[in-house]
Amino acid sequence: MFKLLQQGRHWLGKLQPCQLCHSDYQAMHSVCQECWQQLPWAHQSVQRQEIQVHIACHYAYPIDRLIQLYKYEQKLYLEALLAGTLLSLQLPKVSAVVPMPISTERLVERGYNQSLLLARQVARQLKVPVWQPIRRLQQHSQKGLSRLERIENIEAQFQINTASKLRYRKVLIIDDVVTTGSSIYALSQQLKALGCQQIYAACVAGAKL
């Protein structure tokens, strides 16, 4: 009995507190079961720019704030939670995962591409490679532009990386948030130019138009 009590204390000592409420123990993806259940789940597919995008959550509290902290304030410990929401989706079978690229300027500013970090987690689960055949030029502000101008502005940002010789026919685009879907559409057009025949997309959250 004494030995069992010792083993119990040792097991409890390994438990980590929930990263959201800090009052309960982690049950999945670094959070407790209650916090996980209270996320603004969507688990649906929305059509954006002719593309069906699988979204895990609605862009509402607390997932909106968590994405902002992860993306802009270097709170990388939230990666397990955000990646976990993507893994809760019924993801299609693909040959490679494509993270939404960011410009060199944004990469220097943030220090990392948040979509790439999430894509690595998804690719590991799906047991497929991460593929980055497209680079993104300087990202300009969309403020004050018409819908057509916004689309043209975004499409001009994506260019095929000629150094990449790999080719995949079925791919999954990973991004943190989808609103209009213009970035996903622009990326998909370049992927089609590389011979991709089936292109899917999945995002942590979907924002209202």
# chains A, B, ... in the order shown; residues from 1 in each chain; ligands from 1

$ closest_atom_pairs --of "range 22-132 of chain A" --to "range 152-168 of chain A" --cutoff "9 Å" --atoms "only C-alpha atoms" --output "Markdown table"
| residue | atom | partner | partner_atom | distance |
| --- | --- | --- | --- | --- |
| A:Val94 | CA | A:Tyr168 | CA | 8.8 |
| A:Ser95 | CA | A:Tyr168 | CA | 6.2 |
| A:Ala96 | CA | A:Tyr168 | CA | 6.7 |
| A:Pro101 | CA | A:Phe158 | CA | 8.5 |
| A:Ser103 | CA | A:Gln157 | CA | 8.6 |
| A:Trp131 | CA | A:Leu166 | CA | 8.3 |
| A:Gln132 | CA | A:Ser164 | CA | 8.0 |

$ residues_around --residues "Gln125 in chain A" --least-positions-apart "6" --cutoff "12 Å" --atoms "only C-alpha atoms" --output "ChimeraX atom specification"
/A:83-84,86-89,91,93-94,96-97,118-119

$ closest_residue --among "A:Gln198, A:Thr85, A:Gln52, A:Gln138" --to "Trp36 in chain A" --atoms "only C-alpha atoms"
A:Thr85

$ select_by_dssp --residues "range 96-182 of chain A" --states "helix (DSSP H, G or I)" --output "CSV table (one decimal) with all heavy atoms, in the first residue's frame"
chain,number,residue,atom,x,y,z
A,104,THR,N,9.6,37.9,-45.9
A,104,THR,CA,10.8,38.0,-45.1
A,104,THR,C,10.7,39.1,-44.1
A,104,THR,O,11.2,38.9,-42.9
A,104,THR,CB,12.0,38.3,-46.1
A,104,THR,OG1,12.1,37.2,-47.1
A,104,THR,CG2,13.3,38.3,-45.3
A,105,GLU,N,10.1,40.2,-44.4
A,105,GLU,CA,9.9,41.3,-43.5
A,105,GLU,C,9.1,40.9,-42.2
A,105,GLU,O,9.5,41.2,-41.1
A,105,GLU,CB,9.3,42.5,-44.1
A,105,GLU,CG,10.1,43.2,-45.2
A,105,GLU,CD,10.2,42.5,-46.5
A,105,GLU,OE1,9.4,41.5,-46.7
A,105,GLU,OE2,11.0,42.9,-47.4
A,106,ARG,N,8.0,40.2,-42.5
A,106,ARG,CA,7.2,39.7,-41.4
A,106,ARG,C,8.0,38.6,-40.5
A,106,ARG,O,7.8,38.6,-39.3
A,106,ARG,CB,5.9,39.1,-41.9
A,106,ARG,CG,4.9,40.1,-42.5
A,106,ARG,CD,4.2,40.9,-41.4
A,106,ARG,NE,3.4,41.9,-41.9
A,106,ARG,CZ,2.2,41.8,-42.4
A,106,ARG,NH1,1.6,40.6,-42.4
A,106,ARG,NH2,1.5,42.9,-42.8
A,107,LEU,N,8.7,37.8,-41.2
A,107,LEU,CA,9.5,36.8,-40.5
A,107,LEU,C,10.5,37.4,-39.6
A,107,LEU,O,10.7,36.9,-38.5
A,107,LEU,CB,10.2,35.8,-41.6
A,107,LEU,CG,10.9,34.6,-41.0
A,107,LEU,CD1,10.0,33.7,-40.2
A,107,LEU,CD2,11.6,33.9,-42.1
A,108,VAL,N,11.2,38.4,-40.1
A,108,VAL,CA,12.2,39.1,-39.3
A,108,VAL,C,11.5,39.8,-38.1
A,108,VAL,O,12.0,39.8,-37.0
A,108,VAL,CB,13.0,40.1,-40.1
A,108,VAL,CG1,13.9,41.0,-39.2
A,108,VAL,CG2,13.8,39.4,-41.2
A,109,GLU,N,10.4,40.4,-38.3
A,109,GLU,CA,9.6,41.1,-37.3
A,109,GLU,C,9.2,40.2,-36.2
A,109,GLU,O,9.3,40.5,-35.0
A,109,GLU,CB,8.4,41.8,-38.0
A,109,GLU,CG,7.5,42.5,-37.0
A,109,GLU,CD,6.3,43.1,-37.7
A,109,GLU,OE1,6.4,43.4,-38.9
A,109,GLU,OE2,5.3,43.3,-37.0
A,110,ARG,N,8.6,39.0,-36.6
A,110,ARG,CA,8.1,38.1,-35.6
A,110,ARG,C,9.1,37.1,-35.1
A,110,ARG,O,9.0,36.6,-33.9
A,110,ARG,CB,6.9,37.3,-36.2
A,110,ARG,CG,5.7,38.2,-36.5
A,110,ARG,CD,4.6,37.4,-37.2
A,110,ARG,NE,3.5,38.3,-37.7
A,110,ARG,CZ,2.6,37.9,-38.5
A,110,ARG,NH1,2.5,36.7,-38.9
A,110,ARG,NH2,1.7,38.8,-39.0
A,114,GLN,N,4.0,31.5,-37.8
A,114,GLN,CA,3.1,30.8,-36.9
A,114,GLN,C,2.4,29.6,-37.7
A,114,GLN,O,2.2,28.6,-37.1
A,114,GLN,CB,2.1,31.7,-36.2
A,114,GLN,CG,1.0,32.2,-37.1
A,114,GLN,CD,1.4,33.3,-38.1
A,114,GLN,OE1,2.5,33.8,-38.0
A,114,GLN,NE2,0.6,33.7,-39.0
A,115,SER,N,2.1,29.9,-38.9
A,115,SER,CA,1.5,28.8,-39.7
A,115,SER,C,2.4,27.6,-40.0
A,115,SER,O,2.0,26.5,-40.1
A,115,SER,CB,1.0,29.4,-41.1
A,115,SER,OG,0.0,30.4,-40.8
A,116,LEU,N,3.7,27.9,-40.1
A,116,LEU,CA,4.7,26.8,-40.3
A,116,LEU,C,4.8,25.9,-39.1
A,116,LEU,O,4.8,24.7,-39.2
A,116,LEU,CB,6.0,27.4,-40.7
A,116,LEU,CG,7.2,26.4,-40.7
A,116,LEU,CD1,6.9,25.3,-41.7
A,116,LEU,CD2,8.5,27.2,-41.1
A,117,LEU,N,4.8,26.6,-37.9
A,117,LEU,CA,4.9,25.8,-36.7
A,117,LEU,C,3.6,24.9,-36.5
A,117,LEU,O,3.8,23.7,-36.1
A,117,LEU,CB,5.0,26.8,-35.5
A,117,LEU,CG,6.2,27.7,-35.4
A,117,LEU,CD1,6.2,28.5,-34.2
A,117,LEU,CD2,7.5,26.9,-35.5
A,118,LEU,N,2.5,25.4,-36.8
A,118,LEU,CA,1.2,24.6,-36.8
A,118,LEU,C,1.2,23.5,-37.8
A,118,LEU,O,0.8,22.4,-37.6
A,118,LEU,CB,0.0,25.5,-36.9
A,118,LEU,CG,-0.2,26.6,-35.8
A,118,LEU,CD1,-1.4,27.5,-36.2
A,118,LEU,CD2,-0.4,25.9,-34.5
A,119,ALA,N,1.7,23.9,-39.0
A,119,ALA,CA,1.8,22.9,-40.1
A,119,ALA,C,2.7,21.7,-39.8
A,119,ALA,O,2.4,20.6,-40.1
A,119,ALA,CB,2.2,23.6,-41.4
A,120,ARG,N,3.7,22.0,-39.1
A,120,ARG,CA,4.6,20.9,-38.7
A,120,ARG,C,3.9,19.9,-37.8
A,120,ARG,O,4.1,18.7,-37.9
A,120,ARG,CB,5.9,21.5,-38.0
A,120,ARG,CG,6.9,22.1,-38.9
A,120,ARG,CD,8.0,22.8,-38.2
A,120,ARG,NE,9.0,23.3,-39.1
A,120,ARG,CZ,9.9,24.2,-38.8
A,120,ARG,NH1,10.0,24.6,-37.5
A,120,ARG,NH2,10.8,24.7,-39.7
A,121,GLN,N,3.1,20.4,-36.9
A,121,GLN,CA,2.4,19.5,-36.0
A,121,GLN,C,1.4,18.7,-36.7
A,121,GLN,O,1.2,17.5,-36.5
A,121,GLN,CB,1.7,20.4,-34.9
A,121,GLN,CG,2.6,21.2,-34.0
A,121,GLN,CD,3.1,20.3,-32.8
A,121,GLN,OE1,2.8,19.1,-32.7
A,121,GLN,NE2,3.8,21.0,-31.9
A,122,VAL,N,0.7,19.3,-37.7
A,122,VAL,CA,-0.3,18.6,-38.5
A,122,VAL,C,0.4,17.5,-39.4
A,122,VAL,O,-0.1,16.4,-39.5
A,122,VAL,CB,-1.1,19.6,-39.3
A,122,VAL,CG1,-2.1,18.8,-40.3
A,122,VAL,CG2,-1.9,20.5,-38.4
A,123,ALA,N,1.5,17.9,-40.0
A,123,ALA,CA,2.2,17.0,-40.9
A,123,ALA,C,2.7,15.8,-40.1
A,123,ALA,O,2.7,14.7,-40.6
A,123,ALA,CB,3.4,17.8,-41.5
A,124,ARG,N,3.2,16.0,-38.9
A,124,ARG,CA,3.7,14.9,-38.0
A,124,ARG,C,2.5,14.0,-37.8
A,124,ARG,O,2.7,12.7,-37.8
A,124,ARG,CB,4.2,15.5,-36.7
A,124,ARG,CG,4.9,14.4,-35.9
A,124,ARG,CD,5.5,15.0,-34.6
A,124,ARG,NE,6.5,16.0,-34.9
A,124,ARG,CZ,6.4,17.3,-34.7
A,124,ARG,NH1,5.4,17.8,-34.1
A,124,ARG,NH2,7.4,18.1,-35.0
A,125,GLN,N,1.3,14.5,-37.5
A,125,GLN,CA,0.2,13.6,-37.2
A,125,GLN,C,-0.2,12.9,-38.5
A,125,GLN,O,-0.6,11.7,-38.4
A,125,GLN,CB,-1.0,14.5,-36.7
A,125,GLN,CG,-2.2,13.7,-36.3
A,125,GLN,CD,-2.0,12.8,-35.0
A,125,GLN,OE1,-1.1,13.1,-34.2
A,125,GLN,NE2,-2.8,11.8,-34.8
A,126,LEU,N,-0.2,13.5,-39.6
A,126,LEU,CA,-0.6,12.9,-40.9
A,126,LEU,C,0.5,12.1,-41.5
A,126,LEU,O,0.2,11.4,-42.5
A,126,LEU,CB,-1.1,14.0,-41.9
A,126,LEU,CG,-2.3,14.8,-41.5
A,126,LEU,CD1,-2.6,15.8,-42.6
A,126,LEU,CD2,-3.5,14.0,-41.2
A,147,ARG,N,-12.5,45.4,-53.2
A,147,ARG,CA,-12.4,44.0,-53.1
A,147,ARG,C,-11.5,43.5,-54.2
A,147,ARG,O,-10.6,42.6,-54.0
A,147,ARG,CB,-13.8,43.4,-53.2
A,147,ARG,CG,-13.8,41.8,-53.2
A,147,ARG,CD,-15.2,41.3,-53.2
A,147,ARG,NE,-15.2,39.8,-53.3
A,147,ARG,CZ,-15.0,39.1,-54.3
A,147,ARG,NH1,-14.8,39.7,-55.5
A,147,ARG,NH2,-15.0,37.8,-54.3
A,148,LEU,N,-11.7,44.0,-55.5
A,148,LEU,CA,-10.9,43.5,-56.6
A,148,LEU,C,-9.4,43.9,-56.4
A,148,LEU,O,-8.5,43.1,-56.7
A,148,LEU,CB,-11.4,44.2,-57.9
A,148,LEU,CG,-10.7,43.8,-59.2
A,148,LEU,CD1,-10.7,42.3,-59.4
A,148,LEU,CD2,-11.3,44.5,-60.4
A,149,GLU,N,-9.2,45.1,-55.9
A,149,GLU,CA,-7.8,45.6,-55.7
A,149,GLU,C,-7.1,44.7,-54.6
A,149,GLU,O,-5.9,44.4,-54.7
A,149,GLU,CB,-7.8,47.0,-55.2
A,149,GLU,CG,-8.1,48.0,-56.4
A,149,GLU,CD,-8.3,49.4,-55.9
A,149,GLU,OE1,-8.7,49.6,-54.7
A,149,GLU,OE2,-8.1,50.3,-56.7
A,150,ARG,N,-7.9,44.3,-53.6
A,150,ARG,CA,-7.4,43.5,-52.5
A,150,ARG,C,-6.9,42.1,-53.1
A,150,ARG,O,-5.8,41.6,-52.8
A,150,ARG,CB,-8.4,43.3,-51.4
A,150,ARG,CG,-8.7,44.4,-50.5
A,150,ARG,CD,-9.9,44.2,-49.6
A,150,ARG,NE,-10.2,45.3,-48.8
A,150,ARG,CZ,-9.8,45.4,-47.5
A,150,ARG,NH1,-9.1,44.5,-46.9
A,150,ARG,NH2,-10.1,46.5,-46.8
A,151,ILE,N,-7.8,41.6,-53.9
A,151,ILE,CA,-7.4,40.3,-54.5
A,151,ILE,C,-6.2,40.4,-55.4
A,151,ILE,O,-5.3,39.5,-55.3
A,151,ILE,CB,-8.6,39.7,-55.3
A,151,ILE,CG1,-9.8,39.4,-54.4
A,151,ILE,CG2,-8.2,38.5,-56.1
A,151,ILE,CD1,-11.1,39.1,-55.2
A,152,GLU,N,-6.1,41.4,-56.2
A,152,GLU,CA,-5.0,41.6,-57.1
A,152,GLU,C,-3.7,41.9,-56.3
A,152,GLU,O,-2.6,41.4,-56.6
A,152,GLU,CB,-5.2,42.8,-58.0
A,152,GLU,CG,-6.3,42.5,-59.1
A,152,GLU,CD,-6.6,43.7,-60.0
A,152,GLU,OE1,-6.2,44.8,-59.6
A,152,GLU,OE2,-7.3,43.5,-61.0
A,153,ASN,N,-3.8,42.6,-55.2
A,153,ASN,CA,-2.7,42.9,-54.3
A,153,ASN,C,-2.1,41.6,-53.7
A,153,ASN,O,-0.9,41.4,-53.7
A,153,ASN,CB,-3.1,43.9,-53.2
A,153,ASN,CG,-2.0,44.3,-52.3
A,153,ASN,OD1,-0.8,44.4,-52.8
A,153,ASN,ND2,-2.3,44.5,-51.1
A,154,ILE,N,-3.0,40.8,-53.2
A,154,ILE,CA,-2.6,39.6,-52.6
A,154,ILE,C,-2.0,38.6,-53.6
A,154,ILE,O,-1.0,38.0,-53.3
A,154,ILE,CB,-3.8,38.9,-51.8
A,154,ILE,CG1,-4.1,39.8,-50.6
A,154,ILE,CG2,-3.4,37.5,-51.3
A,154,ILE,CD1,-5.3,39.3,-49.8
A,155,GLU,N,-2.7,38.4,-54.7
A,155,GLU,CA,-2.2,37.5,-55.7
A,155,GLU,C,-0.7,37.9,-56.2
A,155,GLU,O,0.1,37.0,-56.5
A,155,GLU,CB,-3.1,37.5,-56.9
A,155,GLU,CG,-4.4,36.8,-56.7
A,155,GLU,CD,-5.3,36.7,-57.9
A,155,GLU,OE1,-5.1,37.5,-58.8
A,155,GLU,OE2,-6.3,35.9,-57.9
A,182,SER,N,-8.8,35.3,-49.3
A,182,SER,CA,-8.0,35.8,-50.5
A,182,SER,C,-6.6,35.2,-50.5
A,182,SER,O,-6.1,34.9,-51.5
A,182,SER,CB,-8.0,37.3,-50.4
A,182,SER,OG,-9.3,37.8,-50.6

$ closest_residue --among "A:His43, A:Lys71, A:His54, A:Lys127" --to "Ile199 in chain A" --atoms "only C-alpha atoms"
A:His54

$ residues_around --residues "Met28 in chain A" --least-positions-apart "2" --cutoff "12 Å" --atoms "only C-alpha atoms" --output "list in words"
Leu15, Gln16, Pro17, Cys18, Gln19, Asp24, Tyr25, Gln26, Ser30, Val31, Cys32, Gln33, Glu34, Cys35, Trp36, Gln37, Ala80, Leu81, Leu82, Ala83, Gly84, Thr85, Leu87 and Ser88 of chain A

$ write_last_selection --atoms "N, CA and C atoms" --output "mmCIF file, in the first residue's frame"
data_model
loop_
_atom_site.group_PDB
_atom_site.id
_atom_site.type_symbol
_atom_site.label_atom_id
_atom_site.label_comp_id
_atom_site.auth_asym_id
_atom_site.auth_seq_id
_atom_site.Cartn_x
_atom_site.Cartn_y
_atom_site.Cartn_z
ATOM 1 N N LEU A 15 1.851 15.956 -13.292
ATOM 2 C CA LEU A 15 0.754 16.681 -13.914
ATOM 3 C C LEU A 15 1.060 18.167 -13.985
ATOM 4 N N GLN A 16 0.710 18.763 -15.112
ATOM 5 C CA GLN A 16 0.945 20.186 -15.307
ATOM 6 C C GLN A 16 -0.379 20.934 -15.247
ATOM 7 N N PRO A 17 -0.373 22.168 -14.729
ATOM 8 C CA PRO A 17 -1.619 22.942 -14.682
ATOM 9 C C PRO A 17 -2.071 23.372 -16.070
ATOM 10 N N CYS A 18 -3.370 23.513 -16.228
ATOM 11 C CA CYS A 18 -3.949 23.980 -17.488
ATOM 12 C C CYS A 18 -3.375 25.345 -17.842
ATOM 13 N N GLN A 19 -3.012 25.531 -19.094
ATOM 14 C CA GLN A 19 -2.404 26.792 -19.520
ATOM 15 C C GLN A 19 -3.410 27.930 -19.636
ATOM 16 N N ASP A 24 -6.901 23.713 -12.930
ATOM 17 C CA ASP A 24 -7.095 22.283 -13.115
ATOM 18 C C ASP A 24 -5.884 21.733 -13.849
ATOM 19 N N TYR A 25 -5.812 20.414 -13.964
ATOM 20 C CA TYR A 25 -4.676 19.795 -14.617
ATOM 21 C C TYR A 25 -4.921 19.606 -16.116
ATOM 22 N N GLN A 26 -3.836 19.582 -16.858
ATOM 23 C CA GLN A 26 -3.927 19.389 -18.304
ATOM 24 C C GLN A 26 -4.493 18.013 -18.618
ATOM 25 N N SER A 30 -2.377 20.579 -23.642
ATOM 26 C CA SER A 30 -1.909 21.539 -22.638
ATOM 27 C C SER A 30 -3.019 22.252 -21.870
ATOM 28 N N VAL A 31 -4.266 21.867 -22.029
ATOM 29 C CA VAL A 31 -5.358 22.492 -21.278
ATOM 30 C C VAL A 31 -6.221 21.414 -20.602
ATOM 31 N N CYS A 32 -7.028 21.846 -19.651
ATOM 32 C CA CYS A 32 -7.914 20.901 -18.968
ATOM 33 C C CYS A 32 -9.130 20.602 -19.849
ATOM 34 N N GLN A 33 -9.859 19.597 -19.472
ATOM 35 C CA GLN A 33 -11.005 19.170 -20.274
ATOM 36 C C GLN A 33 -12.077 20.254 -20.362
ATOM 37 N N GLU A 34 -12.317 20.976 -19.260
ATOM 38 C CA GLU A 34 -13.358 22.000 -19.263
ATOM 39 C C GLU A 34 -12.998 23.153 -20.191
ATOM 40 N N CYS A 35 -11.755 23.618 -20.119
ATOM 41 C CA CYS A 35 -11.331 24.716 -21.001
ATOM 42 C C CYS A 35 -11.380 24.283 -22.466
ATOM 43 N N TRP A 36 -11.001 23.036 -22.728
ATOM 44 C CA TRP A 36 -11.051 22.505 -24.090
ATOM 45 C C TRP A 36 -12.485 22.504 -24.615
ATOM 46 N N GLN A 37 -13.402 22.070 -23.793
ATOM 47 C CA GLN A 37 -14.801 21.991 -24.205
ATOM 48 C C GLN A 37 -15.428 23.366 -24.403
ATOM 49 N N ALA A 80 0.694 23.972 -28.768
ATOM 50 C CA ALA A 80 0.053 22.670 -28.575
ATOM 51 C C ALA A 80 -1.465 22.788 -28.623
ATOM 52 N N LEU A 81 -2.007 23.833 -28.001
ATOM 53 C CA LEU A 81 -3.457 24.032 -27.993
ATOM 54 C C LEU A 81 -3.982 24.346 -29.382
ATOM 55 N N LEU A 82 -3.351 25.301 -30.078
ATOM 56 C CA LEU A 82 -3.831 25.713 -31.396
ATOM 57 C C LEU A 82 -3.684 24.583 -32.417
ATOM 58 N N ALA A 83 -2.573 23.876 -32.348
ATOM 59 C CA ALA A 83 -2.394 22.735 -33.249
ATOM 60 C C ALA A 83 -3.418 21.648 -32.926
ATOM 61 N N GLY A 84 -3.733 21.509 -31.645
ATOM 62 C CA GLY A 84 -4.715 20.516 -31.228
ATOM 63 C C GLY A 84 -6.086 20.770 -31.826
ATOM 64 N N THR A 85 -6.462 22.043 -31.967
ATOM 65 C CA THR A 85 -7.763 22.340 -32.579
ATOM 66 C C THR A 85 -7.783 21.882 -34.034
ATOM 67 N N LEU A 87 -6.020 19.403 -35.266
ATOM 68 C CA LEU A 87 -6.013 17.949 -35.265
ATOM 69 C C LEU A 87 -7.362 17.366 -34.864
ATOM 70 N N SER A 88 -8.241 18.193 -34.298
ATOM 71 C CA SER A 88 -9.582 17.716 -33.942
ATOM 72 C C SER A 88 -10.505 17.653 -35.158
#

$ decode --residues "range 59-152 of chain A" --atoms "C-alpha atoms" --output "compact mmCIF listing (two decimals), in the first residue's frame"
# COMPACT_ATOMS: atom_id res chain seq x y z
CA TYR A 59 -12.99 33.55 -34.30
CA ALA A 60 -14.37 34.47 -30.88
CA TYR A 61 -13.13 34.64 -27.30
CA PRO A 62 -10.91 33.06 -26.10
CA ILE A 63 -9.53 31.58 -29.34
CA ASP A 64 -9.18 35.02 -30.97
CA ARG A 65 -7.06 36.28 -28.09
CA LEU A 66 -5.00 33.10 -27.98
CA ILE A 67 -4.18 33.38 -31.68
CA GLN A 68 -3.14 37.01 -31.21
CA LEU A 69 -0.89 36.12 -28.29
CA TYR A 70 0.68 33.28 -30.25
CA LYS A 71 1.08 35.28 -33.45
CA TYR A 72 2.16 38.71 -32.22
CA GLU A 73 3.44 38.29 -28.66
CA GLN A 74 5.64 35.19 -29.01
CA LYS A 75 3.53 33.05 -26.65
CA LEU A 76 4.79 29.87 -28.29
CA TYR A 77 3.58 27.67 -25.43
CA LEU A 78 0.11 28.01 -27.03
CA GLU A 79 1.23 25.98 -30.04
CA ALA A 80 0.05 22.67 -28.57
CA LEU A 81 -3.46 24.03 -27.99
CA LEU A 82 -3.83 25.71 -31.40
CA ALA A 83 -2.39 22.74 -33.25
CA GLY A 84 -4.72 20.52 -31.23
CA THR A 85 -7.76 22.34 -32.58
CA LEU A 86 -6.59 21.59 -36.13
CA LEU A 87 -6.01 17.95 -35.27
CA SER A 88 -9.58 17.72 -33.94
CA LEU A 89 -10.83 18.22 -37.51
CA GLN A 90 -11.53 15.41 -39.96
CA LEU A 91 -8.57 16.25 -42.15
CA PRO A 92 -8.36 14.85 -45.69
CA LYS A 93 -5.70 12.40 -46.77
CA VAL A 94 -3.00 14.37 -48.56
CA SER A 95 0.56 13.96 -49.77
CA ALA A 96 1.95 17.13 -48.16
CA VAL A 97 1.07 20.03 -45.87
CA VAL A 98 1.63 23.61 -47.10
CA PRO A 99 1.89 26.37 -44.47
CA MET A 100 0.71 29.85 -45.41
CA PRO A 101 3.95 31.69 -46.23
CA ILE A 102 4.82 35.09 -44.80
CA SER A 103 7.18 37.69 -46.22
CA THR A 104 10.79 38.00 -45.14
CA GLU A 105 9.93 41.30 -43.46
CA ARG A 106 7.21 39.68 -41.36
CA LEU A 107 9.49 36.76 -40.55
CA VAL A 108 12.21 39.10 -39.27
CA GLU A 109 9.64 41.10 -37.31
CA ARG A 110 8.05 38.09 -35.57
CA GLY A 111 10.96 35.67 -35.57
CA TYR A 112 8.85 32.77 -36.85
CA ASN A 113 6.01 31.84 -39.17
CA GLN A 114 3.15 30.77 -36.91
CA SER A 115 1.47 28.81 -39.74
CA LEU A 116 4.67 26.83 -40.34
CA LEU A 117 4.86 25.81 -36.68
CA LEU A 118 1.24 24.63 -36.75
CA ALA A 119 1.75 22.88 -40.10
CA ARG A 120 4.64 20.88 -38.68
CA GLN A 121 2.38 19.52 -35.95
CA VAL A 122 -0.31 18.58 -38.47
CA ALA A 123 2.19 17.02 -40.86
CA ARG A 124 3.66 14.93 -38.04
CA GLN A 125 0.20 13.62 -37.21
CA LEU A 126 -0.65 12.90 -40.86
CA LYS A 127 2.83 11.45 -41.45
CA VAL A 128 3.45 13.57 -44.53
CA PRO A 129 6.09 16.21 -45.32
CA VAL A 130 5.81 19.97 -44.96
CA TRP A 131 6.11 21.50 -48.43
CA GLN A 132 7.03 25.17 -48.99
CA PRO A 133 7.22 25.73 -52.76
CA ILE A 134 5.82 29.26 -52.68
CA ARG A 135 7.45 32.39 -51.29
CA ARG A 136 5.68 35.56 -50.31
CA LEU A 137 6.87 39.02 -51.25
CA GLN A 138 6.44 42.10 -49.08
CA GLN A 139 2.96 42.20 -47.59
CA HIS A 140 1.27 45.57 -48.14
CA SER A 141 -1.63 47.03 -46.23
CA GLN A 142 -5.08 46.28 -47.65
CA LYS A 143 -6.65 49.35 -46.06
CA GLY A 144 -8.63 51.54 -48.46
CA LEU A 145 -8.57 49.03 -51.32
CA SER A 146 -11.64 47.72 -53.13
CA ARG A 147 -12.39 43.99 -53.12
CA LEU A 148 -10.88 43.54 -56.60
CA GLU A 149 -7.81 45.58 -55.65
CA ARG A 150 -7.37 43.49 -52.50
CA ILE A 151 -7.44 40.26 -54.52
CA GLU A 152 -4.97 41.60 -57.09
